[in-house]
Amino acid sequence: MQAEKGRQPPYFSVCTFWSHTVTNYIAPTGNLDQKNSKEIIDLLKLSNRNLKQTILLITHDEKIALEADRIVTMEDGKIISDEWR
C-alpha cells in the first residue's frame with residue numbers, strides 16, 4: 001500500500017474464525033482531522049453493528065478509544081485494564 005509522502009499507511013488485517021470476521025486497525029485516524037476521524041469511526045461502528053464484525057482498533061487517542069464498547073489498556077507490553085462500557 002502506497003502512503004502519501006510523510007504519512008504512514010493505514011495498517012489492517014482481516015482474519016476469519018468460524019465464519020466470524022475480526023478486523024484489526026492500527027491508528028486508522030492518526031493523520032486525519034476531527035471531521036474525517038469521526039467519519040472513519042462511524043463507518044467502523046456501522047460495520048460492527050450491521051455486518052456483525054469484531055473491530056480491533058489500536059490507538060493512542062483517548063477520544064477515539066472512548067467510542068468503543070470495550071477498552072483494553074496496555075503499558076510496557078502488559079494489559080493494565082480491561083473495561084466494558
# chains A, B, ... in the order shown; residues from 1 in each chain; ligands from 1
>>> residues_around(residues="segment 70-72 of chain A", least_positions_apart="2", cutoff="10 Å", atoms="only C-alpha atoms", output="PDB file with all heavy atoms, in the first residue's frame")
ATOM      1  N   LEU A  56     -10.987  -4.606  16.031  1.00  0.00           N
ATOM      2  CA  LEU A  56      -9.886  -4.419  16.970  1.00  0.00           C
ATOM      3  C   LEU A  56      -9.144  -3.181  16.500  1.00  0.00           C
ATOM      4  O   LEU A  56      -8.515  -3.183  15.444  1.00  0.00           O
ATOM      5  CB  LEU A  56      -8.963  -5.630  16.977  1.00  0.00           C
ATOM      6  CG  LEU A  56      -7.712  -5.529  17.820  1.00  0.00           C
ATOM      7  CD1 LEU A  56      -8.083  -5.343  19.297  1.00  0.00           C
ATOM      8  CD2 LEU A  56      -6.850  -6.748  17.632  1.00  0.00           C
ATOM      9  N   LEU A  57      -9.261  -2.089  17.249  1.00  0.00           N
ATOM     10  CA  LEU A  57      -8.689  -0.807  16.858  1.00  0.00           C
ATOM     11  C   LEU A  57      -7.605  -0.428  17.861  1.00  0.00           C
ATOM     12  O   LEU A  57      -7.858  -0.404  19.060  1.00  0.00           O
ATOM     13  CB  LEU A  57      -9.790   0.256  16.835  1.00  0.00           C
ATOM     14  CG  LEU A  57      -9.380   1.605  16.299  1.00  0.00           C
ATOM     15  CD1 LEU A  57     -10.468   2.141  15.403  1.00  0.00           C
ATOM     16  CD2 LEU A  57      -9.097   2.554  17.420  1.00  0.00           C
ATOM     17  N   ILE A  58      -6.428  -0.161  17.368  1.00  0.00           N
ATOM     18  CA  ILE A  58      -5.316   0.253  18.222  1.00  0.00           C
ATOM     19  C   ILE A  58      -5.116   1.749  18.012  1.00  0.00           C
ATOM     20  O   ILE A  58      -4.957   2.205  16.884  1.00  0.00           O
ATOM     21  CB  ILE A  58      -4.020  -0.515  17.873  1.00  0.00           C
ATOM     22  CG1 ILE A  58      -4.167  -2.002  18.201  1.00  0.00           C
ATOM     23  CG2 ILE A  58      -2.846   0.050  18.656  1.00  0.00           C
ATOM     24  CD1 ILE A  58      -4.660  -2.835  17.112  1.00  0.00           C
ATOM     25  N   GLU A  62      -7.324   8.914  23.149  1.00  0.00           N
ATOM     26  CA  GLU A  62      -8.317   8.518  24.150  1.00  0.00           C
ATOM     27  C   GLU A  62      -9.746   8.824  23.686  1.00  0.00           C
ATOM     28  O   GLU A  62     -10.669   8.062  23.944  1.00  0.00           O
ATOM     29  CB  GLU A  62      -8.046   9.220  25.485  1.00  0.00           C
ATOM     30  CG  GLU A  62      -8.959   8.754  26.590  1.00  0.00           C
ATOM     31  CD  GLU A  62      -8.634   9.372  27.933  1.00  0.00           C
ATOM     32  OE1 GLU A  62      -7.754  10.239  28.015  1.00  0.00           O
ATOM     33  OE2 GLU A  62      -9.293   8.975  28.912  1.00  0.00           O
ATOM     34  N   ALA A  65     -10.754   6.041  21.511  1.00  0.00           N
ATOM     35  CA  ALA A  65     -10.932   4.833  22.336  1.00  0.00           C
ATOM     36  C   ALA A  65     -12.270   4.854  23.079  1.00  0.00           C
ATOM     37  O   ALA A  65     -12.929   3.825  23.225  1.00  0.00           O
ATOM     38  CB  ALA A  65      -9.783   4.690  23.318  1.00  0.00           C
ATOM     39  N   LEU A  66     -12.693   6.029  23.521  1.00  0.00           N
ATOM     40  CA  LEU A  66     -13.939   6.132  24.282  1.00  0.00           C
ATOM     41  C   LEU A  66     -15.176   5.837  23.446  1.00  0.00           C
ATOM     42  O   LEU A  66     -16.266   5.688  23.993  1.00  0.00           O
ATOM     43  CB  LEU A  66     -14.043   7.510  24.937  1.00  0.00           C
ATOM     44  CG  LEU A  66     -13.044   7.752  26.069  1.00  0.00           C
ATOM     45  CD1 LEU A  66     -13.107   9.202  26.537  1.00  0.00           C
ATOM     46  CD2 LEU A  66     -13.288   6.803  27.230  1.00  0.00           C
ATOM     47  N   GLU A  67     -15.031   5.708  22.129  1.00  0.00           N
ATOM     48  CA  GLU A  67     -16.142   5.335  21.246  1.00  0.00           C
ATOM     49  C   GLU A  67     -16.416   3.828  21.301  1.00  0.00           C
ATOM     50  O   GLU A  67     -17.447   3.367  20.838  1.00  0.00           O
ATOM     51  CB  GLU A  67     -15.834   5.733  19.800  1.00  0.00           C
ATOM     52  CG  GLU A  67     -15.741   7.216  19.568  1.00  0.00           C
ATOM     53  CD  GLU A  67     -17.099   7.887  19.540  1.00  0.00           C
ATOM     54  OE1 GLU A  67     -18.087   7.240  19.151  1.00  0.00           O
ATOM     55  OE2 GLU A  67     -17.170   9.065  19.921  1.00  0.00           O
ATOM     56  N   ALA A  68     -15.497   3.066  21.850  1.00  0.00           N
ATOM     57  CA  ALA A  68     -15.580   1.600  21.831  1.00  0.00           C
ATOM     58  C   ALA A  68     -16.474   1.042  22.935  1.00  0.00           C
ATOM     59  O   ALA A  68     -16.702   1.687  23.959  1.00  0.00           O
ATOM     60  CB  ALA A  68     -14.179   1.020  21.981  1.00  0.00           C
ATOM     61  N   MET A  74      -2.947  -1.019  27.531  1.00  0.00           N
ATOM     62  CA  MET A  74      -1.666  -1.700  27.715  1.00  0.00           C
ATOM     63  C   MET A  74      -0.588  -0.687  28.082  1.00  0.00           C
ATOM     64  O   MET A  74      -0.646   0.469  27.666  1.00  0.00           O
ATOM     65  CB  MET A  74      -1.267  -2.431  26.441  1.00  0.00           C
ATOM     66  CG  MET A  74      -2.211  -3.546  26.063  1.00  0.00           C
ATOM     67  SD  MET A  74      -1.662  -4.462  24.626  1.00  0.00           S
ATOM     68  CE  MET A  74      -0.260  -5.336  25.317  1.00  0.00           C
ATOM     69  N   ILE A  79      -1.231  -5.842  29.745  1.00  0.00           N
ATOM     70  CA  ILE A  79      -2.583  -5.306  29.941  1.00  0.00           C
ATOM     71  C   ILE A  79      -2.691  -4.778  31.363  1.00  0.00           C
ATOM     72  O   ILE A  79      -2.417  -5.502  32.320  1.00  0.00           O
ATOM     73  CB  ILE A  79      -3.644  -6.388  29.677  1.00  0.00           C
ATOM     74  CG1 ILE A  79      -3.607  -6.784  28.203  1.00  0.00           C
ATOM     75  CG2 ILE A  79      -5.032  -5.885  30.081  1.00  0.00           C
ATOM     76  CD1 ILE A  79      -4.509  -7.949  27.845  1.00  0.00           C
ATOM     77  N   ILE A  80      -3.081  -3.498  31.483  1.00  0.00           N
ATOM     78  CA  ILE A  80      -3.231  -2.913  32.819  1.00  0.00           C
ATOM     79  C   ILE A  80      -4.693  -2.668  33.165  1.00  0.00           C
ATOM     80  O   ILE A  80      -5.027  -2.467  34.331  1.00  0.00           O
ATOM     81  CB  ILE A  80      -2.398  -1.619  32.986  1.00  0.00           C
ATOM     82  CG1 ILE A  80      -2.817  -0.562  31.968  1.00  0.00           C
ATOM     83  CG2 ILE A  80      -0.915  -1.918  32.881  1.00  0.00           C
ATOM     84  CD1 ILE A  80      -2.216   0.809  32.223  1.00  0.00           C
ATOM     85  N   SER A  81      -5.573  -2.687  32.144  1.00  0.00           N
ATOM     86  CA  SER A  81      -7.015  -2.587  32.422  1.00  0.00           C
ATOM     87  C   SER A  81      -7.801  -3.154  31.246  1.00  0.00           C
ATOM     88  O   SER A  81      -7.342  -3.157  30.119  1.00  0.00           O
ATOM     89  CB  SER A  81      -7.453  -1.154  32.732  1.00  0.00           C
ATOM     90  OG  SER A  81      -7.414  -0.365  31.568  1.00  0.00           O
ATOM     91  N   ASP A  82      -8.985  -3.653  31.562  1.00  0.00           N
ATOM     92  CA  ASP A  82      -9.894  -4.220  30.566  1.00  0.00           C
ATOM     93  C   ASP A  82     -11.292  -3.829  30.988  1.00  0.00           C
ATOM     94  O   ASP A  82     -11.828  -4.366  31.936  1.00  0.00           O
ATOM     95  CB  ASP A  82      -9.719  -5.735  30.525  1.00  0.00           C
ATOM     96  CG  ASP A  82     -10.526  -6.378  29.403  1.00  0.00           C
ATOM     97  OD1 ASP A  82     -11.369  -5.711  28.792  1.00  0.00           O
ATOM     98  OD2 ASP A  82     -10.302  -7.587  29.149  1.00  0.00           O
ATOM     99  N   GLU A  83     -11.870  -2.856  30.291  1.00  0.00           N
ATOM    100  CA  GLU A  83     -13.129  -2.219  30.722  1.00  0.00           C
ATOM    101  C   GLU A  83     -14.197  -2.367  29.657  1.00  0.00           C
ATOM    102  O   GLU A  83     -14.016  -1.991  28.504  1.00  0.00           O
ATOM    103  CB  GLU A  83     -12.849  -0.751  30.984  1.00  0.00           C
ATOM    104  CG  GLU A  83     -14.053   0.088  31.244  1.00  0.00           C
ATOM    105  CD  GLU A  83     -13.735   1.590  31.252  1.00  0.00           C
ATOM    106  OE1 GLU A  83     -12.551   1.959  31.285  1.00  0.00           O
ATOM    107  OE2 GLU A  83     -14.694   2.373  31.202  1.00  0.00           O
ATOM    108  N   TRP A  84     -15.342  -2.953  30.020  1.00  0.00           N
ATOM    109  CA  TRP A  84     -16.527  -2.983  29.167  1.00  0.00           C
ATOM    110  C   TRP A  84     -17.340  -1.732  29.475  1.00  0.00           C
ATOM    111  O   TRP A  84     -17.508  -1.373  30.628  1.00  0.00           O
ATOM    112  CB  TRP A  84     -17.377  -4.230  29.435  1.00  0.00           C
ATOM    113  CG  TRP A  84     -16.788  -5.453  28.841  1.00  0.00           C
ATOM    114  CD1 TRP A  84     -15.915  -6.332  29.448  1.00  0.00           C
ATOM    115  CD2 TRP A  84     -16.964  -5.941  27.518  1.00  0.00           C
ATOM    116  NE1 TRP A  84     -15.570  -7.324  28.605  1.00  0.00           N
ATOM    117  CE2 TRP A  84     -16.203  -7.125  27.401  1.00  0.00           C
ATOM    118  CE3 TRP A  84     -17.709  -5.503  26.442  1.00  0.00           C
ATOM    119  CZ2 TRP A  84     -16.161  -7.859  26.231  1.00  0.00           C
ATOM    120  CZ3 TRP A  84     -17.672  -6.248  25.279  1.00  0.00           C
ATOM    121  CH2 TRP A  84     -16.909  -7.414  25.176  1.00  0.00           C
ATOM    122  N   ARG A  85     -17.851  -1.077  28.426  1.00  0.00           N
ATOM    123  CA  ARG A  85     -18.606   0.154  28.620  1.00  0.00           C
ATOM    124  C   ARG A  85     -20.049  -0.031  28.251  1.00  0.00           C
ATOM    125  O   ARG A  85     -20.432  -0.762  27.477  1.00  0.00           O
ATOM    126  CB  ARG A  85     -17.979   1.250  27.769  1.00  0.00           C
ATOM    127  CG  ARG A  85     -16.499   1.446  28.106  1.00  0.00           C
ATOM    128  CD  ARG A  85     -15.768   2.363  27.169  1.00  0.00           C
ATOM    129  NE  ARG A  85     -16.482   3.484  26.680  1.00  0.00           N
ATOM    130  CZ  ARG A  85     -16.709   4.633  27.362  1.00  0.00           C
ATOM    131  NH1 ARG A  85     -16.246   4.764  28.554  1.00  0.00           N
ATOM    132  NH2 ARG A  85     -17.367   5.604  26.820  1.00  0.00           N
TER     133      ARG A  85
END
>>> atom_distance(atom1="atom CA of Ile41 of chain A", atom2="atom CA of Thr29 of chain A")
8.2 Å
>>> atom_distance(atom1="atom CA of Thr23 of chain A", atom2="atom CA of Ile55 of chain A")
5.0 Å
>>> atom_distance(atom1="atom CA of Lys35 of chain A", atom2="atom CA of Ser47 of chain A")
18.6 Å
